[in-house]
Amino acid sequence: MACFTGPHGAPDFFTQESIDEFFASDWQVHYNSNRLGVRFSWAEAKLDAAERPVKRGCIRPTFTTANMRLAAINFTGDFPVILTRDGPSLGGFVCPVTIAKAELWKVGQVKPGDRIRFFPISVEDAVAREKAMDRSVETLQTTSLAEFAVPSLADRDGVSAAGLVSLPATFSTPAIVYRQAGDNYILIEYGENVLDLALRLRVHVLMQHLRERAHPGIKELSPGVRSLQVRYDSREISQQALVALLLEQEARIGDVTQMKVPSRIVHLPMAFEDSATLDAVSRYADTVRASAPWLPNNVDFIQRINGLPSREAVMETLFDASYLILGIGRCVPRCAVRGAD
């Protein structure tokens with residue numbers, strides 16, 4: 001399967017040896033695969049130790065939050081997964097590789113036990129493959145492909161091969177990184193990997209500018225805590241042209257430190273350990289990983305990992321808190337609490 005490095009690669013999240021090993025390896029499809037994702041058998045990816053903190057036996061997420069995308073290969077701890085149609089839109093783990101859009105039909109054909117070998121291509125190659133696929137569908141005939149050079153996987157002066165733009169912080173702006181996230185997405189990240197409301201407001205302003213600009217090639221904007229994922233149609237706007245448009249809109253963003261946004265308070269009821277959630281936990285233990293540290297009981301895990309004195313304290317802590325919504329999306333949590341209509 002043809003794919004891209006990124007959005008998160010070496011040397012910022014993986015070692016270069018890990019990226020090279022990923023492309024040199026055969027990956028076996030795990031039996032626990034579905035429309036959420038195609039899992040691979042357990043693998044040890046060489047994440048830099050500093051980016052892989054472990055607390056009470058649990059590998060912690062790499063990000064405050066990250067935007068997920070269709071066909072990204074997500075490393076949830078050591079377990080790589082191709083995110084498919086019903087997969088999450090938000091998460092906390094890295095995606096070092098994204099499958100090209102024209103190759104997605106192959107993902108739908110795999111079955112448990114199949115082995116996959118990935119190889120890197122350039123964005124120009126991916127666009128040509130997509131156009132060839134469109135012609136084949138229209139004419140019901142095979143279309144030949146032009147040959148393109150294989151892109152380098154090496155970093156450029158410490159910037160990942162997936163990096164499209166890297167701007168240092170200034171007195172009035174945070175550091176800015178644009179990351180290639182396949183042939184239909186660009187991931188924009190602001191500042192350090194910390195929870196900073198000013199970064200979220202900057203994301204908000206950029207979204208407003210892009211909606212006002214209303215380019216027909218931009219199809220969707222997905223905000224995270226400090227990031228914005230832009231989905232685009234490469235047949236309507238090229239990656240290079242989109243980067244230029246984004247930088248143009250970046251230049252319009254002013255000081256966000258005094259910015260005000262309208263808000264409201266929503267009261268949401270929650271149910272603890274309802275039958276559907278307990279069934280999901282049981283199914284996870286039976287089919288995925290019975291030795292996971294959050295098993296056999298999620299509430300006990302929350303109590304233990306947060307150092308709380310009792311199970312009741314878990315509920316009191318959750319119910320007594322107020323929450324600020326910084327992003328809206330779908331993740332696949334391992335939780336014992338869910339909202340009730």
# chains A, B, ... in the order shown; residues from 1 in each chain; ligands from 1
$ residues_around --residues "Ser25 (chain A)" --least-positions-apart "6" --cutoff "10 Å" --atoms "only C-alpha atoms" --output "PyMOL selection string"
chain A and resi 115-118
$ write_last_selection --atoms "N, CA, C and O atoms" --output "PDB file, in the first residue's frame"
ATOM      1  N   ARG A 115      -0.899 -10.123   5.252  1.00  0.00           N
ATOM      2  CA  ARG A 115       0.285  -9.307   5.544  1.00  0.00           C
ATOM      3  C   ARG A 115       0.346  -8.133   4.573  1.00  0.00           C
ATOM      4  O   ARG A 115       0.047  -8.272   3.390  1.00  0.00           O
ATOM      5  N   ILE A 116       0.725  -6.971   5.108  1.00  0.00           N
ATOM      6  CA  ILE A 116       0.767  -5.736   4.332  1.00  0.00           C
ATOM      7  C   ILE A 116       2.183  -5.184   4.369  1.00  0.00           C
ATOM      8  O   ILE A 116       2.831  -5.158   5.419  1.00  0.00           O
ATOM      9  N   ARG A 117       2.657  -4.716   3.224  1.00  0.00           N
ATOM     10  CA  ARG A 117       3.920  -3.986   3.145  1.00  0.00           C
ATOM     11  C   ARG A 117       3.608  -2.581   2.633  1.00  0.00           C
ATOM     12  O   ARG A 117       2.911  -2.419   1.638  1.00  0.00           O
ATOM     13  N   PHE A 118       4.103  -1.574   3.320  1.00  0.00           N
ATOM     14  CA  PHE A 118       3.868  -0.180   2.952  1.00  0.00           C
ATOM     15  C   PHE A 118       5.085   0.395   2.246  1.00  0.00           C
ATOM     16  O   PHE A 118       6.223  -0.016   2.511  1.00  0.00           O
TER      17      PHE A 118
END
$ residues_around --residues "Leu221 (chain A)" --least-positions-apart "6" --cutoff "9 Å" --atoms "only C-alpha atoms" --output "VMD selection string"
chain A and resid 207 210 to 211 228 to 231
$ atom_distance --atom1 "CA of Ala66 (chain A)" --atom2 "CA of Ser234 (chain A)"
22.5 Å
$ select_by_dssp --residues "region 56-268 of chain A" --states "helix (DSSP H, G or I)" --output "MDAnalysis selection string"
chainID A and resid 101:107 123:139 197:213 239:250
$ write_last_selection --atoms "N, CA and C atoms" --output "compact mmCIF listing (two decimals), in the first residue's frame"
# COMPACT_ATOMS: atom_id res chain seq x y z
N LYS A 101 -5.15 8.17 -0.65
CA LYS A 101 -6.58 7.99 -0.89
C LYS A 101 -6.85 6.94 -1.97
N ALA A 102 -6.04 6.93 -3.02
CA ALA A 102 -6.27 5.99 -4.12
C ALA A 102 -5.97 4.55 -3.74
N GLU A 103 -5.39 4.33 -2.56
CA GLU A 103 -5.06 2.98 -2.10
C GLU A 103 -6.08 2.44 -1.10
N LEU A 104 -7.07 3.25 -0.74
CA LEU A 104 -7.97 2.86 0.33
C LEU A 104 -8.81 1.63 0.00
N TRP A 105 -9.07 1.39 -1.28
CA TRP A 105 -9.86 0.21 -1.65
C TRP A 105 -9.17 -1.07 -1.17
N LYS A 106 -7.84 -1.04 -1.08
CA LYS A 106 -7.11 -2.22 -0.62
C LYS A 106 -7.38 -2.50 0.85
N VAL A 107 -7.54 -1.41 1.65
CA VAL A 107 -7.81 -1.60 3.08
C VAL A 107 -9.11 -2.37 3.28
N VAL A 123 3.37 13.51 -2.80
CA VAL A 123 2.01 14.01 -2.98
C VAL A 123 1.67 14.08 -4.47
N GLU A 124 2.67 14.36 -5.34
CA GLU A 124 2.42 14.39 -6.78
C GLU A 124 2.04 13.00 -7.29
N ASP A 125 2.72 11.98 -6.78
CA ASP A 125 2.39 10.60 -7.13
C ASP A 125 0.98 10.26 -6.68
N ALA A 126 0.61 10.67 -5.45
CA ALA A 126 -0.72 10.36 -4.92
C ALA A 126 -1.82 11.02 -5.75
N VAL A 127 -1.61 12.27 -6.16
CA VAL A 127 -2.61 12.96 -6.98
C VAL A 127 -2.77 12.25 -8.32
N ALA A 128 -1.64 11.83 -8.92
CA ALA A 128 -1.70 11.11 -10.19
C ALA A 128 -2.45 9.79 -10.03
N ARG A 129 -2.23 9.09 -8.91
CA ARG A 129 -2.94 7.83 -8.66
C ARG A 129 -4.44 8.05 -8.51
N GLU A 130 -4.81 9.14 -7.83
CA GLU A 130 -6.24 9.41 -7.66
C GLU A 130 -6.90 9.74 -8.99
N LYS A 131 -6.23 10.53 -9.83
CA LYS A 131 -6.79 10.85 -11.14
C LYS A 131 -6.90 9.60 -12.01
N ALA A 132 -5.89 8.73 -11.93
CA ALA A 132 -5.94 7.48 -12.69
C ALA A 132 -7.09 6.60 -12.22
N MET A 133 -7.31 6.57 -10.92
CA MET A 133 -8.43 5.79 -10.38
C MET A 133 -9.76 6.35 -10.87
N ASP A 134 -9.89 7.67 -10.89
CA ASP A 134 -11.12 8.30 -11.39
C ASP A 134 -11.36 7.92 -12.85
N ARG A 135 -10.29 7.94 -13.66
CA ARG A 135 -10.44 7.58 -15.08
C ARG A 135 -10.84 6.12 -15.24
N SER A 136 -10.26 5.26 -14.42
CA SER A 136 -10.59 3.83 -14.50
C SER A 136 -12.05 3.58 -14.15
N VAL A 137 -12.56 4.32 -13.15
CA VAL A 137 -13.96 4.17 -12.78
C VAL A 137 -14.88 4.67 -13.89
N GLU A 138 -14.49 5.76 -14.52
CA GLU A 138 -15.32 6.34 -15.59
C GLU A 138 -15.32 5.49 -16.84
N THR A 139 -14.17 4.91 -17.19
CA THR A 139 -14.04 4.19 -18.46
C THR A 139 -14.10 2.67 -18.29
N LEU A 197 -5.08 28.13 26.39
CA LEU A 197 -6.32 28.65 25.81
C LEU A 197 -6.05 29.65 24.69
N ALA A 198 -4.93 30.36 24.76
CA ALA A 198 -4.60 31.32 23.70
C ALA A 198 -4.37 30.60 22.37
N LEU A 199 -3.79 29.40 22.43
CA LEU A 199 -3.59 28.63 21.21
C LEU A 199 -4.94 28.18 20.63
N ARG A 200 -5.86 27.78 21.52
CA ARG A 200 -7.19 27.37 21.04
C ARG A 200 -7.93 28.53 20.41
N LEU A 201 -7.77 29.73 20.96
CA LEU A 201 -8.41 30.90 20.37
C LEU A 201 -7.82 31.22 19.01
N ARG A 202 -6.54 31.00 18.86
CA ARG A 202 -5.91 31.22 17.55
C ARG A 202 -6.49 30.26 16.50
N VAL A 203 -6.68 29.01 16.92
CA VAL A 203 -7.33 28.04 16.04
C VAL A 203 -8.72 28.54 15.63
N HIS A 204 -9.47 29.08 16.61
CA HIS A 204 -10.82 29.58 16.37
C HIS A 204 -10.81 30.70 15.33
N VAL A 205 -9.87 31.63 15.46
CA VAL A 205 -9.81 32.76 14.54
C VAL A 205 -9.45 32.29 13.13
N LEU A 206 -8.49 31.38 13.02
CA LEU A 206 -8.11 30.87 11.71
C LEU A 206 -9.30 30.18 11.04
N MET A 207 -10.06 29.42 11.82
CA MET A 207 -11.26 28.78 11.26
C MET A 207 -12.24 29.82 10.71
N GLN A 208 -12.44 30.91 11.45
CA GLN A 208 -13.35 31.96 11.00
C GLN A 208 -12.86 32.58 9.69
N HIS A 209 -11.55 32.84 9.60
CA HIS A 209 -11.00 33.42 8.37
C HIS A 209 -11.18 32.48 7.18
N LEU A 210 -10.95 31.18 7.40
CA LEU A 210 -11.07 30.22 6.30
C LEU A 210 -12.52 30.06 5.86
N ARG A 211 -13.46 30.14 6.81
CA ARG A 211 -14.87 30.07 6.43
C ARG A 211 -15.29 31.31 5.63
N GLU A 212 -14.75 32.46 6.00
CA GLU A 212 -15.04 33.67 5.25
C GLU A 212 -14.44 33.59 3.84
N ARG A 213 -13.26 33.01 3.76
CA ARG A 213 -12.59 32.86 2.45
C ARG A 213 -13.36 31.88 1.57
N GLN A 239 -1.79 20.90 -2.80
CA GLN A 239 -1.21 21.07 -1.47
C GLN A 239 -0.42 22.37 -1.39
N GLN A 240 0.36 22.66 -2.41
CA GLN A 240 1.17 23.88 -2.42
C GLN A 240 0.29 25.13 -2.38
N ALA A 241 -0.78 25.14 -3.18
CA ALA A 241 -1.67 26.30 -3.19
C ALA A 241 -2.40 26.45 -1.87
N LEU A 242 -2.77 25.33 -1.25
CA LEU A 242 -3.45 25.39 0.05
C LEU A 242 -2.52 25.95 1.12
N VAL A 243 -1.26 25.53 1.12
CA VAL A 243 -0.31 26.05 2.09
C VAL A 243 -0.19 27.57 1.95
N ALA A 244 -0.11 28.06 0.71
CA ALA A 244 -0.02 29.50 0.48
C ALA A 244 -1.27 30.21 1.00
N LEU A 245 -2.44 29.62 0.77
CA LEU A 245 -3.68 30.22 1.26
C LEU A 245 -3.71 30.26 2.78
N LEU A 246 -3.28 29.19 3.42
CA LEU A 246 -3.28 29.14 4.88
C LEU A 246 -2.33 30.17 5.48
N LEU A 247 -1.16 30.31 4.88
CA LEU A 247 -0.20 31.31 5.38
C LEU A 247 -0.74 32.72 5.19
N GLU A 248 -1.48 32.93 4.12
CA GLU A 248 -2.11 34.24 3.89
C GLU A 248 -3.12 34.55 5.00
N GLN A 249 -3.90 33.55 5.40
CA GLN A 249 -4.87 33.76 6.47
C GLN A 249 -4.21 33.86 7.83
N GLU A 250 -3.09 33.15 8.02
CA GLU A 250 -2.33 33.28 9.27
C GLU A 250 -1.91 34.73 9.50
$ select_by_dssp --residues "region 202-340 of chain A" --states "strand (DSSP E or B)" --output "VMD selection string"
chain A and resid 218 to 223 227 to 232 270 to 272 337 to 339
